[in-house]
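Below is one structure; the comments refer to it alone.
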Amino acid sequence: MALLPILQFPDPRLKIKASPVINFDAELDIIIKDMFDTMYEQQGIGLAATQVNIPLQIIVVDISTNKTEPMAMINPKIVTTIGSQLGLEGCLSFQGVYDKVTRAETIQVDFYNASGEKKSIKAHDLLSICIQHEMDHLEGITFYDHLSPLKQKRLRDKLEKIRRTAL
Ligand code: K1U
Ligand code: ZN
């Protein structure tokens with residue numbers, strides 16, 4: 001089992017736009033396995049390759065309570081969105097802070113699985129929020145970028161306090 005270090009805000013590498021995966025090979029399988037290990041170890045429900053300093057279009061998600069619904073999505077594309085929802089979000093690159101973000105309620109996502117097969121799913125509620133959050137990471141966007149300047153300042157102050165007391 002390999003645990004990957006997670007980049008922490010405001011690391012500039014979180015702003016890098018990820019490139020499409022071209023080779024569906026053993027190296028990709030290792031990256032995906034390490035990303036799941038890292039996500040589960042951190043009690044996350046999602047992780048984007050950008051967060052572990054791999055600038056490729058790979059996300060992993062599992063919103064189940066007992067780690068039974070792992071899904072790796074390669075080169076994901078949102079093809080349809082319906083409605084909107086306001087949900088509380090966290091991020092493993094912003095440990096200990098949460099805020100509300102407006103996202104599409106339902107999305108249809110086309111992607112490739114680790115074997116290079118084309119797939120499509122419809123996602124609602126938390127799964128929809130999580131996939132949109134992770135796909136944002138691939139564009140170099142974090143949930144912080146969705147907040148107002150005032151909320152961004154409050155979040156930065158809270159992060160600073162958390163990190164200061166953790167030392
Ligand atoms: O991208 C990440 O850093 C993972 C992030 C995904 C996410 C959580 C909540 C809403 C949107 C996206 C996390 O998993 S942070 C951990 C967390 O806040 C959480 C864990 C379990 C259930 C709900 C939230
Ligand atoms: Zn995140």
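Residue numbers start at 1 in each chain; chains themselves are named A, B, ... in the order of the structure tokens; ligands are numbered from 1 in the order shown.
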
Distance filter 6 Å around ligand 2, atoms: only C-alpha atoms and all ligand atoms, out as an MDAnalysis selection string: chainID A and resid 91:93

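For stretch 46-140 of chain A, a DSSP pass over the backbone yields alpha helix (DSSP H) at A:Asp125, A:Leu126, A:Leu127, A:Ser128, A:Ile129, A:Cys130, A:Ile131, A:Gln132, A:His133, A:Glu134, A:Met135, A:Asp136, A:His137, A:Leu138.
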
Between atom CA of A:Val52 and atom CA of A:Pro5, what is the distance in Å, rounded to a tenth?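 Between these atoms lies a distance of 6.0 Å.
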
Stretch 113-123 of chain A: which residues within 7 Å, counting only C-alpha atoms, same-chain residues fewer than 5 positions away excluded, as a compact mmCIF listing (two decimals) with all heavy atoms, in the first residue's frame?
```
# COMPACT_ATOMS: atom_id res chain seq x y z
N PHE A 24 -3.51 3.49 -21.18
CA PHE A 24 -4.23 2.73 -20.15
C PHE A 24 -3.39 1.49 -19.85
O PHE A 24 -3.61 0.41 -20.41
CB PHE A 24 -5.64 2.40 -20.65
CG PHE A 24 -6.51 3.61 -20.73
CD1 PHE A 24 -6.39 4.53 -21.78
CD2 PHE A 24 -7.43 3.88 -19.73
CE1 PHE A 24 -7.18 5.67 -21.82
CE2 PHE A 24 -8.22 5.02 -19.78
CZ PHE A 24 -8.09 5.91 -20.82
N ASP A 29 -2.82 1.77 -13.50
CA ASP A 29 -3.42 0.94 -12.44
C ASP A 29 -2.78 1.24 -11.08
O ASP A 29 -3.47 1.29 -10.06
CB ASP A 29 -3.24 -0.56 -12.75
CG ASP A 29 -4.07 -1.00 -13.95
OD1 ASP A 29 -5.07 -0.31 -14.26
OD2 ASP A 29 -3.72 -2.01 -14.57
N ALA A 72 -13.24 4.68 -10.37
CA ALA A 72 -12.15 5.49 -10.95
C ALA A 72 -12.66 6.02 -12.28
O ALA A 72 -13.20 5.26 -13.10
CB ALA A 72 -10.91 4.62 -11.15
N MET A 73 -12.49 7.30 -12.49
CA MET A 73 -12.98 7.92 -13.72
C MET A 73 -11.80 8.61 -14.41
O MET A 73 -11.14 9.47 -13.84
CB MET A 73 -14.08 8.94 -13.40
CG MET A 73 -15.21 8.32 -12.57
SD MET A 73 -16.40 9.53 -11.99
CE MET A 73 -17.55 9.50 -13.31
N ILE A 74 -11.56 8.19 -15.66
CA ILE A 74 -10.44 8.73 -16.43
C ILE A 74 -11.00 9.63 -17.53
O ILE A 74 -11.99 9.26 -18.18
CB ILE A 74 -9.63 7.59 -17.11
CG1 ILE A 74 -9.48 6.36 -16.18
CG2 ILE A 74 -8.29 8.09 -17.63
CD1 ILE A 74 -8.73 6.56 -14.94
N THR A 106 -28.09 17.20 -10.76
CA THR A 106 -27.89 15.92 -11.46
C THR A 106 -26.94 16.16 -12.63
O THR A 106 -27.05 17.17 -13.32
CB THR A 106 -29.24 15.41 -12.01
OG1 THR A 106 -30.14 15.24 -10.91
CG2 THR A 106 -29.09 14.09 -12.74
N ILE A 107 -26.02 15.22 -12.81
CA ILE A 107 -25.09 15.33 -13.96
C ILE A 107 -25.00 13.99 -14.68
O ILE A 107 -25.16 12.94 -14.06
CB ILE A 107 -23.66 15.76 -13.52
CG1 ILE A 107 -23.10 14.81 -12.44
CG2 ILE A 107 -23.64 17.20 -13.03
CD1 ILE A 107 -21.63 15.05 -12.11
N GLN A 108 -24.76 14.08 -15.96
CA GLN A 108 -24.41 12.87 -16.73
C GLN A 108 -22.93 13.03 -17.09
O GLN A 108 -22.52 14.08 -17.62
CB GLN A 108 -25.27 12.81 -17.98
CG GLN A 108 -24.85 11.73 -18.94
CD GLN A 108 -25.94 10.69 -19.18
OE1 GLN A 108 -27.10 10.98 -18.98
NE2 GLN A 108 -25.56 9.50 -19.57
N SER A 128 -23.02 13.46 -7.15
CA SER A 128 -22.93 14.53 -8.14
C SER A 128 -22.01 15.66 -7.65
O SER A 128 -21.13 16.14 -8.38
CB SER A 128 -24.34 15.05 -8.43
OG SER A 128 -24.29 16.23 -9.17
```

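Proximity of A:Ile78, A:Leu7, A:Val21, A:Met71 to ligand 1, computed with only C-alpha atoms and all ligand atoms, is greatest for A:Leu7.
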
Counting only C-alpha atoms and all ligand atoms, what are the residues, protein, DNA or RNA alike, that approach ligand 1 to within 10 Å? I want them as a VMD selection string. chain A and resid 6 to 8 39 to 40 42 to 51 59 to 65 87 to 101 126 to 137 142 to 143

Per-residue DSSP, stretch 10-126 of chain A, filtered to strand (DSSP E), as a PyMOL selection string: chain A and resi 46-48+58-61+71-82+85-89+99-103+106-112+118-124

What is the atom CA of A:Lys151-atom CA of A:Leu138 distance in Å, reported with one decimal?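 Between atom CA of A:Lys151 and atom CA of A:Leu138 the gap works out to 22.9 Å.
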
Atomic distance atom CA of A:Leu56 - atom CA of A:Pro70, expressed in Å with one decimal: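 Going from atom CA of A:Leu56 over to atom CA of A:Pro70, I get 18.8 Å.
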
Between A:Pro149, A:Pro10, A:Pro20, A:Gly83, which is the closest to A:Ile54 once you count only C-alpha atoms?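 When distances to A:Ile54 are compared using only C-alpha atoms, the smallest one comes from A:Pro20.
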
Residue nearest A:Met1 - candidates A:Leu147, A:Ala18, A:Ile31, A:Ala166, atoms counted: only C-alpha atoms: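 For A:Met1, the nearest of the given residues is A:Ile31.
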
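Closest to A:Leu4 among A:Asn23, A:Thr38, A:Leu150, A:Ile32 is A:Thr38, based on only C-alpha atoms.
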